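*Asks:* Dropping in structure-v5.tsv, which is TSV, N, CA and C atoms:
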chain	number	residue	atom	x	y	z
E	1	MET	N	-12.41	6.35	-9.27
E	1	MET	CA	-13.15	5.13	-9.53
E	1	MET	C	-12.95	4.19	-8.34
E	2	LYS	N	-14.05	3.64	-7.85
E	2	LYS	CA	-13.99	2.76	-6.69
E	2	LYS	C	-13.54	1.37	-7.09
E	3	ASN	N	-12.75	0.78	-6.23
E	3	ASN	CA	-12.32	-0.60	-6.40
E	3	ASN	C	-12.91	-1.38	-5.24
E	4	SER	N	-13.71	-2.37	-5.55
E	4	SER	CA	-14.39	-3.14	-4.50
E	4	SER	C	-13.43	-3.95	-3.64
E	5	ASN	N	-12.22	-4.19	-4.12
E	5	ASN	CA	-11.24	-4.96	-3.35
E	5	ASN	C	-10.47	-4.11	-2.35
E	6	LEU	N	-10.54	-2.80	-2.48
E	6	LEU	CA	-9.71	-1.93	-1.67
E	6	LEU	C	-9.95	-2.11	-0.17
E	7	GLY	N	-11.19	-2.10	0.25
E	7	GLY	CA	-11.50	-2.25	1.68
E	7	GLY	C	-11.00	-3.57	2.24
E	8	ARG	N	-11.27	-4.65	1.51
E	8	ARG	CA	-10.79	-5.97	1.97
E	8	ARG	C	-9.27	-6.02	2.01
E	9	MET	N	-8.64	-5.41	1.01
E	9	MET	CA	-7.18	-5.40	0.95
E	9	MET	C	-6.61	-4.61	2.13
E	10	LEU	N	-7.19	-3.46	2.44
E	10	LEU	CA	-6.70	-2.66	3.56
E	10	LEU	C	-6.84	-3.42	4.89
E	11	ARG	N	-7.98	-4.05	5.09
E	11	ARG	CA	-8.18	-4.83	6.32
E	11	ARG	C	-7.19	-6.00	6.38
E	12	TYR	N	-7.04	-6.71	5.26
E	12	TYR	CA	-6.13	-7.85	5.20
E	12	TYR	C	-4.70	-7.45	5.58
E	13	TYR	N	-4.19	-6.39	4.96
E	13	TYR	CA	-2.81	-5.99	5.21
E	13	TYR	C	-2.63	-5.37	6.59
E	14	ARG	N	-3.64	-4.71	7.12
E	14	ARG	CA	-3.54	-4.20	8.50
E	14	ARG	C	-3.38	-5.38	9.45
E	15	LYS	N	-4.24	-6.37	9.27
E	15	LYS	CA	-4.18	-7.55	10.15
E	15	LYS	C	-2.91	-8.37	9.91
E	16	ALA	N	-2.48	-8.48	8.66
E	16	ALA	CA	-1.26	-9.22	8.35
E	16	ALA	C	-0.05	-8.59	9.03
E	17	ASN	N	-0.08	-7.27	9.20
E	17	ASN	CA	0.99	-6.56	9.88
E	17	ASN	C	0.76	-6.46	11.38
E	18	LYS	N	-0.33	-7.08	11.83
E	18	LYS	CA	-0.68	-7.13	13.26
E	18	LYS	C	-0.86	-5.75	13.87
E	19	TYR	N	-1.50	-4.84	13.10
E	19	TYR	CA	-1.82	-3.51	13.60
E	19	TYR	C	-3.29	-3.45	14.00
E	20	SER	N	-3.56	-2.80	15.10
E	20	SER	CA	-4.94	-2.48	15.44
E	20	SER	C	-5.31	-1.23	14.66
E	21	VAL	N	-6.58	-0.93	14.58
E	21	VAL	CA	-7.02	0.29	13.91
E	21	VAL	C	-6.40	1.50	14.61
E	22	GLN	N	-6.38	1.48	15.93
E	22	GLN	CA	-5.80	2.61	16.68
E	22	GLN	C	-4.32	2.78	16.38
E	23	GLN	N	-3.61	1.68	16.20
E	23	GLN	CA	-2.19	1.78	15.86
E	23	GLN	C	-1.99	2.43	14.49
E	24	VAL	N	-2.87	2.13	13.54
E	24	VAL	CA	-2.80	2.77	12.21
E	24	VAL	C	-3.05	4.26	12.35
E	25	VAL	N	-4.07	4.62	13.12
E	25	VAL	CA	-4.38	6.03	13.36
E	25	VAL	C	-3.16	6.73	13.98
E	26	ASN	N	-2.55	6.09	14.96
E	26	ASN	CA	-1.37	6.67	15.63
E	26	ASN	C	-0.18	6.81	14.68
E	27	LYS	N	0.04	5.80	13.81
E	27	LYS	CA	1.15	5.86	12.86
E	27	LYS	C	0.94	6.98	11.83
E	28	LEU	N	-0.29	7.15	11.38
E	28	LEU	CA	-0.57	8.23	10.43
E	28	LEU	C	-0.29	9.59	11.07
E	29	LYS	N	-0.64	9.73	12.34
E	29	LYS	CA	-0.39	10.99	13.05
E	29	LYS	C	1.10	11.20	13.28
E	30	LYS	N	1.77	10.17	13.77
E	30	LYS	CA	3.20	10.29	14.11
E	30	LYS	C	4.07	10.46	12.87
E	31	ASP	N	3.86	9.59	11.87
E	31	ASP	CA	4.74	9.57	10.70
E	31	ASP	C	4.40	10.61	9.65
E	32	TYR	N	3.11	10.99	9.54
E	32	TYR	CA	2.69	11.87	8.45
E	32	TYR	C	1.92	13.11	8.91
E	33	ASP	N	1.74	13.24	10.22
E	33	ASP	CA	0.99	14.36	10.79
E	33	ASP	C	-0.43	14.44	10.21
E	34	ILE	N	-1.03	13.27	10.03
E	34	ILE	CA	-2.40	13.15	9.52
E	34	ILE	C	-3.28	12.71	10.68
E	35	SER	N	-4.31	13.49	10.97
E	35	SER	CA	-5.24	13.14	12.06
E	35	SER	C	-6.53	12.61	11.47
E	36	ILE	N	-6.82	11.36	11.78
E	36	ILE	CA	-8.08	10.76	11.39
E	36	ILE	C	-8.61	9.99	12.59
E	37	SER	N	-9.87	9.61	12.52
E	37	SER	CA	-10.46	8.83	13.61
E	37	SER	C	-10.44	7.35	13.25
E	38	PRO	N	-10.51	6.50	14.26
E	38	PRO	CA	-10.62	5.06	13.97
E	38	PRO	C	-11.83	4.74	13.09
E	39	LYS	N	-12.89	5.50	13.26
E	39	LYS	CA	-14.10	5.30	12.45
E	39	LYS	C	-13.80	5.46	10.96
E	40	THR	N	-12.89	6.37	10.63
E	40	THR	CA	-12.50	6.57	9.22
E	40	THR	C	-11.82	5.33	8.67
E	41	VAL	N	-10.92	4.74	9.44
E	41	VAL	CA	-10.22	3.52	9.00
E	41	VAL	C	-11.24	2.39	8.81
E	42	TYR	N	-12.16	2.25	9.76
E	42	TYR	CA	-13.20	1.22	9.62
E	42	TYR	C	-14.04	1.48	8.36
E	43	GLY	N	-14.33	2.73	8.08
E	43	GLY	CA	-15.08	3.08	6.87
E	43	GLY	C	-14.35	2.66	5.60
E	44	TRP	N	-13.04	2.85	5.57
E	44	TRP	CA	-12.25	2.41	4.42
E	44	TRP	C	-12.30	0.90	4.29
E	45	GLU	N	-12.13	0.21	5.42
E	45	GLU	CA	-12.07	-1.26	5.39
E	45	GLU	C	-13.42	-1.89	5.06
E	46	ASN	N	-14.49	-1.20	5.34
E	46	ASN	CA	-15.83	-1.71	5.03
E	46	ASN	C	-16.36	-1.17	3.70
E	47	SER	N	-15.49	-0.50	2.95
E	47	SER	CA	-15.81	0.05	1.63
E	47	SER	C	-16.95	1.06	1.66
E	48	GLN	N	-17.13	1.73	2.79
E	48	GLN	CA	-18.12	2.80	2.87
E	48	GLN	C	-17.58	4.06	2.20
E	49	ASN	N	-16.27	4.23	2.26
E	49	ASN	CA	-15.58	5.31	1.56
E	49	ASN	C	-14.16	4.85	1.30
E	50	GLN	N	-13.38	5.69	0.62
E	50	GLN	CA	-12.02	5.29	0.29
E	50	GLN	C	-11.06	6.42	0.64
E	51	PRO	N	-9.84	6.06	1.01
E	51	PRO	CA	-8.85	7.10	1.32
E	51	PRO	C	-8.45	7.83	0.04
E	52	SER	N	-7.98	9.06	0.21
E	52	SER	CA	-7.45	9.80	-0.94
E	52	SER	C	-6.23	9.06	-1.47
E	53	ALA	N	-5.80	9.42	-2.66
E	53	ALA	CA	-4.62	8.78	-3.26
E	53	ALA	C	-3.40	8.95	-2.36
E	54	ASP	N	-3.22	10.15	-1.80
E	54	ASP	CA	-2.08	10.39	-0.92
E	54	ASP	C	-2.14	9.51	0.32
E	55	LEU	N	-3.32	9.42	0.93
E	55	LEU	CA	-3.47	8.58	2.12
E	55	LEU	C	-3.27	7.12	1.78
E	56	LEU	N	-3.75	6.69	0.62
E	56	LEU	CA	-3.56	5.31	0.21
E	56	LEU	C	-2.08	4.97	0.09
E	57	LEU	N	-1.29	5.89	-0.46
E	57	LEU	CA	0.15	5.65	-0.57
E	57	LEU	C	0.80	5.57	0.81
E	58	MET	N	0.35	6.40	1.74
E	58	MET	CA	0.86	6.34	3.11
E	58	MET	C	0.52	5.00	3.76
E	59	LEU	N	-0.71	4.54	3.55
E	59	LEU	CA	-1.11	3.24	4.09
E	59	LEU	C	-0.28	2.12	3.48
E	60	CYS	N	0.01	2.23	2.19
E	60	CYS	CA	0.84	1.22	1.53
E	60	CYS	C	2.22	1.15	2.18
E	61	LYS	N	2.77	2.30	2.55
E	61	LYS	CA	4.08	2.31	3.22
E	61	LYS	C	3.96	1.67	4.60
E	62	ILE	N	2.91	2.03	5.33
E	62	ILE	CA	2.71	1.46	6.67
E	62	ILE	C	2.52	-0.05	6.59
E	63	TYR	N	1.75	-0.51	5.61
E	63	TYR	CA	1.43	-1.94	5.47
E	63	TYR	C	2.46	-2.71	4.65
E	64	LYS	N	3.50	-2.01	4.18
E	64	LYS	CA	4.56	-2.63	3.39
E	64	LYS	C	4.04	-3.26	2.09
E	65	ILE	N	3.17	-2.54	1.41
E	65	ILE	CA	2.65	-2.96	0.11
E	65	ILE	C	3.51	-2.29	-0.95
E	66	ASN	N	4.22	-3.09	-1.74
E	66	ASN	CA	5.15	-2.55	-2.72
E	66	ASN	C	4.50	-2.23	-4.07
E	67	ASN	N	3.47	-2.98	-4.44
E	67	ASN	CA	2.84	-2.77	-5.74
E	67	ASN	C	1.33	-2.72	-5.55
E	68	ILE	N	0.81	-1.52	-5.35
E	68	ILE	CA	-0.62	-1.37	-5.07
E	68	ILE	C	-1.47	-1.82	-6.25
E	69	LEU	N	-1.04	-1.54	-7.46
E	69	LEU	CA	-1.84	-1.94	-8.63
E	69	LEU	C	-1.99	-3.45	-8.72
E	70	GLU	N	-0.89	-4.14	-8.52
E	70	GLU	CA	-0.95	-5.60	-8.58
E	70	GLU	C	-1.78	-6.14	-7.42
E	71	THR	N	-1.61	-5.55	-6.23
E	71	THR	CA	-2.35	-5.98	-5.06
E	71	THR	C	-3.86	-5.84	-5.28
E	72	LEU	N	-4.26	-4.80	-6.00
E	72	LEU	CA	-5.68	-4.58	-6.28
E	72	LEU	C	-6.16	-5.31	-7.53
E	73	GLY	N	-5.26	-6.03	-8.19
E	73	GLY	CA	-5.67	-6.84	-9.33
E	73	GLY	C	-5.60	-6.14	-10.67
E	74	TYR	N	-4.89	-5.01	-10.77
E	74	TYR	CA	-4.79	-4.29	-12.03
E	74	TYR	C	-3.64	-4.74	-12.91
E	75	GLU	N	-2.65	-5.40	-12.34
E	75	GLU	CA	-1.48	-5.82	-13.10
E	75	GLU	C	-1.11	-7.25	-12.74
E	76	GLY	N	-0.39	-7.86	-13.62
E	76	GLY	CA	0.15	-9.18	-13.31
E	76	GLY	C	-0.89	-10.27	-13.45
E	77	PRO	N	-0.42	-11.47	-13.57
E	77	PRO	CA	-1.32	-12.61	-13.69
E	77	PRO	C	-2.11	-12.79	-12.40
E	78	PRO	N	-3.40	-13.13	-12.51
E	78	PRO	CA	-4.23	-13.30	-11.32
E	78	PRO	C	-3.69	-14.34	-10.35
E	79	GLU	N	-3.01	-15.37	-10.86
E	79	GLU	CA	-2.52	-16.41	-9.96
E	79	GLU	C	-1.39	-15.91	-9.07
E	80	GLN	N	-0.80	-14.75	-9.39
E	80	GLN	CA	0.27	-14.20	-8.56
E	80	GLN	C	-0.25	-13.16	-7.57
E	81	ALA	N	-1.47	-12.70	-7.75
E	81	ALA	CA	-2.03	-11.71	-6.84
E	81	ALA	C	-2.31	-12.35	-5.49
E	82	PRO	N	-2.16	-11.58	-4.40
E	82	PRO	CA	-2.45	-12.15	-3.09
E	82	PRO	C	-3.92	-12.54	-3.00
E	83	LEU	N	-4.16	-13.66	-2.42
E	83	LEU	CA	-5.51	-14.17	-2.28
E	83	LEU	C	-6.08	-13.71	-0.95
E	84	ILE	N	-7.15	-12.94	-1.00
E	84	ILE	CA	-7.78	-12.45	0.22
E	84	ILE	C	-8.99	-13.33	0.49
E	85	LEU	N	-8.95	-14.03	1.62
E	85	LEU	CA	-9.99	-15.00	1.95
E	85	LEU	C	-10.89	-14.48	3.06
E	86	SER	N	-12.15	-14.89	2.99
E	86	SER	CA	-13.06	-14.64	4.10
E	86	SER	C	-12.74	-15.64	5.20
E	87	GLU	N	-13.27	-15.41	6.39
E	87	GLU	CA	-13.05	-16.35	7.49
E	87	GLU	C	-13.60	-17.73	7.14
E	88	GLU	N	-14.74	-17.77	6.47
E	88	GLU	CA	-15.34	-19.05	6.08
E	88	GLU	C	-14.44	-19.79	5.10
E	89	GLU	N	-13.90	-19.07	4.11
E	89	GLU	CA	-13.01	-19.71	3.13
E	89	GLU	C	-11.74	-20.21	3.81
E	90	ARG	N	-11.21	-19.44	4.73
E	90	ARG	CA	-10.01	-19.84	5.47
E	90	ARG	C	-10.28	-21.11	6.26
E	91	GLU	N	-11.45	-21.19	6.90
E	91	GLU	CA	-11.82	-22.37	7.68
E	91	GLU	C	-11.96	-23.60	6.79
E	92	ILE	N	-12.54	-23.42	5.61
E	92	ILE	CA	-12.69	-24.53	4.68
E	92	ILE	C	-11.32	-25.07	4.26
E	93	ILE	N	-10.39	-24.20	3.97
E	93	ILE	CA	-9.05	-24.62	3.56
E	93	ILE	C	-8.35	-25.36	4.69
E	94	ILE	N	-8.46	-24.85	5.89
E	94	ILE	CA	-7.83	-25.51	7.04
E	94	ILE	C	-8.41	-26.90	7.24
E	95	LYS	N	-9.73	-27.03	7.14
E	95	LYS	CA	-10.36	-28.34	7.29
E	95	LYS	C	-9.96	-29.28	6.15
E	96	TYR	N	-9.88	-28.75	4.93
E	96	TYR	CA	-9.46	-29.56	3.79
E	96	TYR	C	-8.05	-30.12	4.03
E	97	ARG	N	-7.15	-29.27	4.48
E	97	ARG	CA	-5.78	-29.70	4.72
E	97	ARG	C	-5.67	-30.72	5.84
E	98	SER	N	-6.55	-30.64	6.82
E	98	SER	CA	-6.45	-31.55	7.97
E	98	SER	C	-7.10	-32.90	7.72
E	99	ARG	N	-7.87	-33.05	6.67
E	99	ARG	CA	-8.56	-34.31	6.38
E	99	ARG	C	-8.05	-34.90	5.08
E	100	LYS	N	-6.85	-35.41	5.13
E	100	LYS	CA	-6.19	-35.95	3.94
E	100	LYS	C	-7.00	-37.05	3.26
E	101	TYR	N	-7.73	-37.81	4.04
E	101	TYR	CA	-8.51	-38.93	3.51
E	101	TYR	C	-9.52	-38.46	2.47
E	102	TYR	N	-10.10	-37.26	2.67
E	102	TYR	CA	-11.15	-36.76	1.78
E	102	TYR	C	-10.63	-35.93	0.62
E	103	ASN	N	-9.34	-35.62	0.61
E	103	ASN	CA	-8.81	-34.72	-0.42
E	103	ASN	C	-9.08	-35.21	-1.84
E	104	SER	N	-8.87	-36.49	-2.10
E	104	SER	CA	-9.09	-36.99	-3.46
E	104	SER	C	-10.56	-36.89	-3.86
E	105	ALA	N	-11.47	-37.15	-2.93
E	105	ALA	CA	-12.90	-37.04	-3.22
E	105	ALA	C	-13.28	-35.58	-3.51
E	106	ILE	N	-12.74	-34.66	-2.73
E	106	ILE	CA	-13.03	-33.24	-2.94
E	106	ILE	C	-12.46	-32.77	-4.27
E	107	ARG	N	-11.24	-33.21	-4.59
E	107	ARG	CA	-10.64	-32.84	-5.87
E	107	ARG	C	-11.46	-33.38	-7.04
E	108	LYS	N	-11.98	-34.60	-6.89
E	108	LYS	CA	-12.82	-35.17	-7.94
E	108	LYS	C	-14.12	-34.39	-8.07
E	109	LEU	N	-14.73	-34.05	-6.95
E	109	LEU	CA	-15.96	-33.27	-6.95
E	109	LEU	C	-15.77	-31.91	-7.64
E	110	LEU	N	-14.62	-31.28	-7.39
E	110	LEU	CA	-14.33	-29.97	-7.98
E	110	LEU	C	-13.73	-30.08	-9.39
E	111	ASP	N	-13.59	-31.31	-9.87
E	111	ASP	CA	-13.05	-31.56	-11.20
E	111	ASP	C	-11.63	-31.03	-11.35
E	112	ILE	N	-10.81	-31.30	-10.30
E	112	ILE	CA	-9.41	-30.92	-10.30
E	112	ILE	C	-8.60	-32.20	-10.47
E	113	GLU	N	-7.75	-32.22	-11.48
E	113	GLU	CA	-6.97	-33.42	-11.76
E	113	GLU	C	-5.79	-33.52	-10.82
E	114	ASP	N	-5.45	-34.75	-10.45
E	114	ASP	CA	-4.27	-34.98	-9.60
E	114	ASP	C	-3.02	-34.98	-10.41
Using the file provided, produce a representation of the structure as structure tokens.
*Replies:*
Amino acid sequence: MKNSNLGRMLRYYRKANKYSVQQVVNKLKKDYDISISPKTVYGWENSQNQPSADLLLMLCKIYKINNILETLGYEGPPEQAPLILSEEEREIIIKYRSRKYYNSAIRKLLDIED
């Protein structure tokens, strides 16, 4: 069964660990004797296809993901799951934090109580 969050999660954790796609390909070859192309990793990250269960577990070890089910949103309260943001969402948060003067107006607009 496909999980729509898997590709975004793989890209997020690769970047969080500061790995290039080529470095992931090299680690899979060196640590697990698995040969794949960079195009395959990009395909996983763009949700064009998904790694096998065995490969997913190897990627979790490489990316230091301890609880894959929780990371994908299958377990635990949603507020504890890692939040994967788009670049636009990240930019909005950064701008919100830098403009303290507008925070109360934005909170009121979003109906968030202080």
*Asks:* Can you work out the spacing between CA of Lys39 (chain E) and CA of Glu70 (chain E) in Å, to one decimal?
*Replies:*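 Computing it gives 27.1 Å between the two atoms.
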*Asks:* DSSP on the backbone: what in region 8-93 of chain E comes out helix (DSSP H, G or I), as number ranges by chain?
*Replies:* E: 8-16, 21-32, 38-45, 53-63, 68-71, 78-80, 87-93
*Asks:* State, in Å with one decimal place, the distance from CA of Pro38 (chain E) to CA of Val25 (chain E).
*Replies:*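 Rounded to one decimal, the two atoms are 6.3 Å apart.
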*Asks:* Grab the atom C of Glu87 (chain E) to CA of Leu59 (chain E) distance for me, in Å with one decimal place.
*Replies:* 24.6 Å
*Asks:* What are the closest atom pairs, with distances in Å to one decimal, for all residues of region 25-66 of chain E lying within 10 Å of region 11-19 of chain E? Consider only C-alpha atoms, order rows by chain and residue number, and present the result as a Markdown table.
*Replies:*
| residue | atom | partner | partner_atom | distance |
| --- | --- | --- | --- | --- |
| E:Val25 | CA | E:Tyr19 | CA | 9.9 |
| E:Lys27 | CA | E:Tyr19 | CA | 9.9 |
| E:Val41 | CA | E:Arg11 | CA | 9.0 |
| E:Tyr42 | CA | E:Arg11 | CA | 8.5 |
| E:Trp44 | CA | E:Arg11 | CA | 8.5 |
| E:Glu45 | CA | E:Arg11 | CA | 5.4 |
| E:Asn46 | CA | E:Arg11 | CA | 8.4 |
| E:Leu59 | CA | E:Arg14 | CA | 9.0 |
| E:Cys60 | CA | E:Tyr13 | CA | 8.9 |
| E:Ile62 | CA | E:Arg14 | CA | 8.6 |
| E:Tyr63 | CA | E:Tyr13 | CA | 5.9 |
| E:Lys64 | CA | E:Tyr13 | CA | 8.3 |
| E:Ile65 | CA | E:Tyr13 | CA | 8.1 |
*Asks:* I want to know what sits within 12 Å of Lys30 (chain E), based on only C-alpha atoms, with residues of the same chain fewer than 6 positions away left out; could you give that as a ChimeraX atom specification?
*Replies:* /E:23-24,36,58,62
*Asks:* Would you mind telling me which residue in E:Lys29, E:Ala53, E:Leu72, E:Ile34 lies nearest to Leu10 (chain E) when using only C-alpha atoms?
*Replies:*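 Smallest separation from Leu10 (chain E) among the options: E:Leu72.
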*Asks:* Looking at E:Ser35, E:Asn67, E:Asn49, E:Asn5, which one is nearest to Leu85 (chain E), with distances taken over only C-alpha atoms?
*Replies:*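 Looking only at the distances to Leu85 (chain E), the closest residue turns out to be E:Asn5.
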*Asks:* Report the centre and edge lengths, in Å to one decimal, of an axis-aligned box enclosing every atom of region 37-52 of chain E listed in the file, padded by 4 Å on each side, as lines of an AutoDock Vina configuration file.
*Replies:*
center_x = -12.2
center_y = 4.0
center_z = 6.4
size_x = 19.9
size_y = 19.7
size_z = 23.7
*Asks:* Taking only N, CA and C atoms into account, name the residue in E:Leu28, E:Leu110, E:Leu6, E:Leu69 that is nearest to Gln50 (chain E).
*Replies:*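 The answer is E:Leu6, which sits nearest to Gln50 (chain E).
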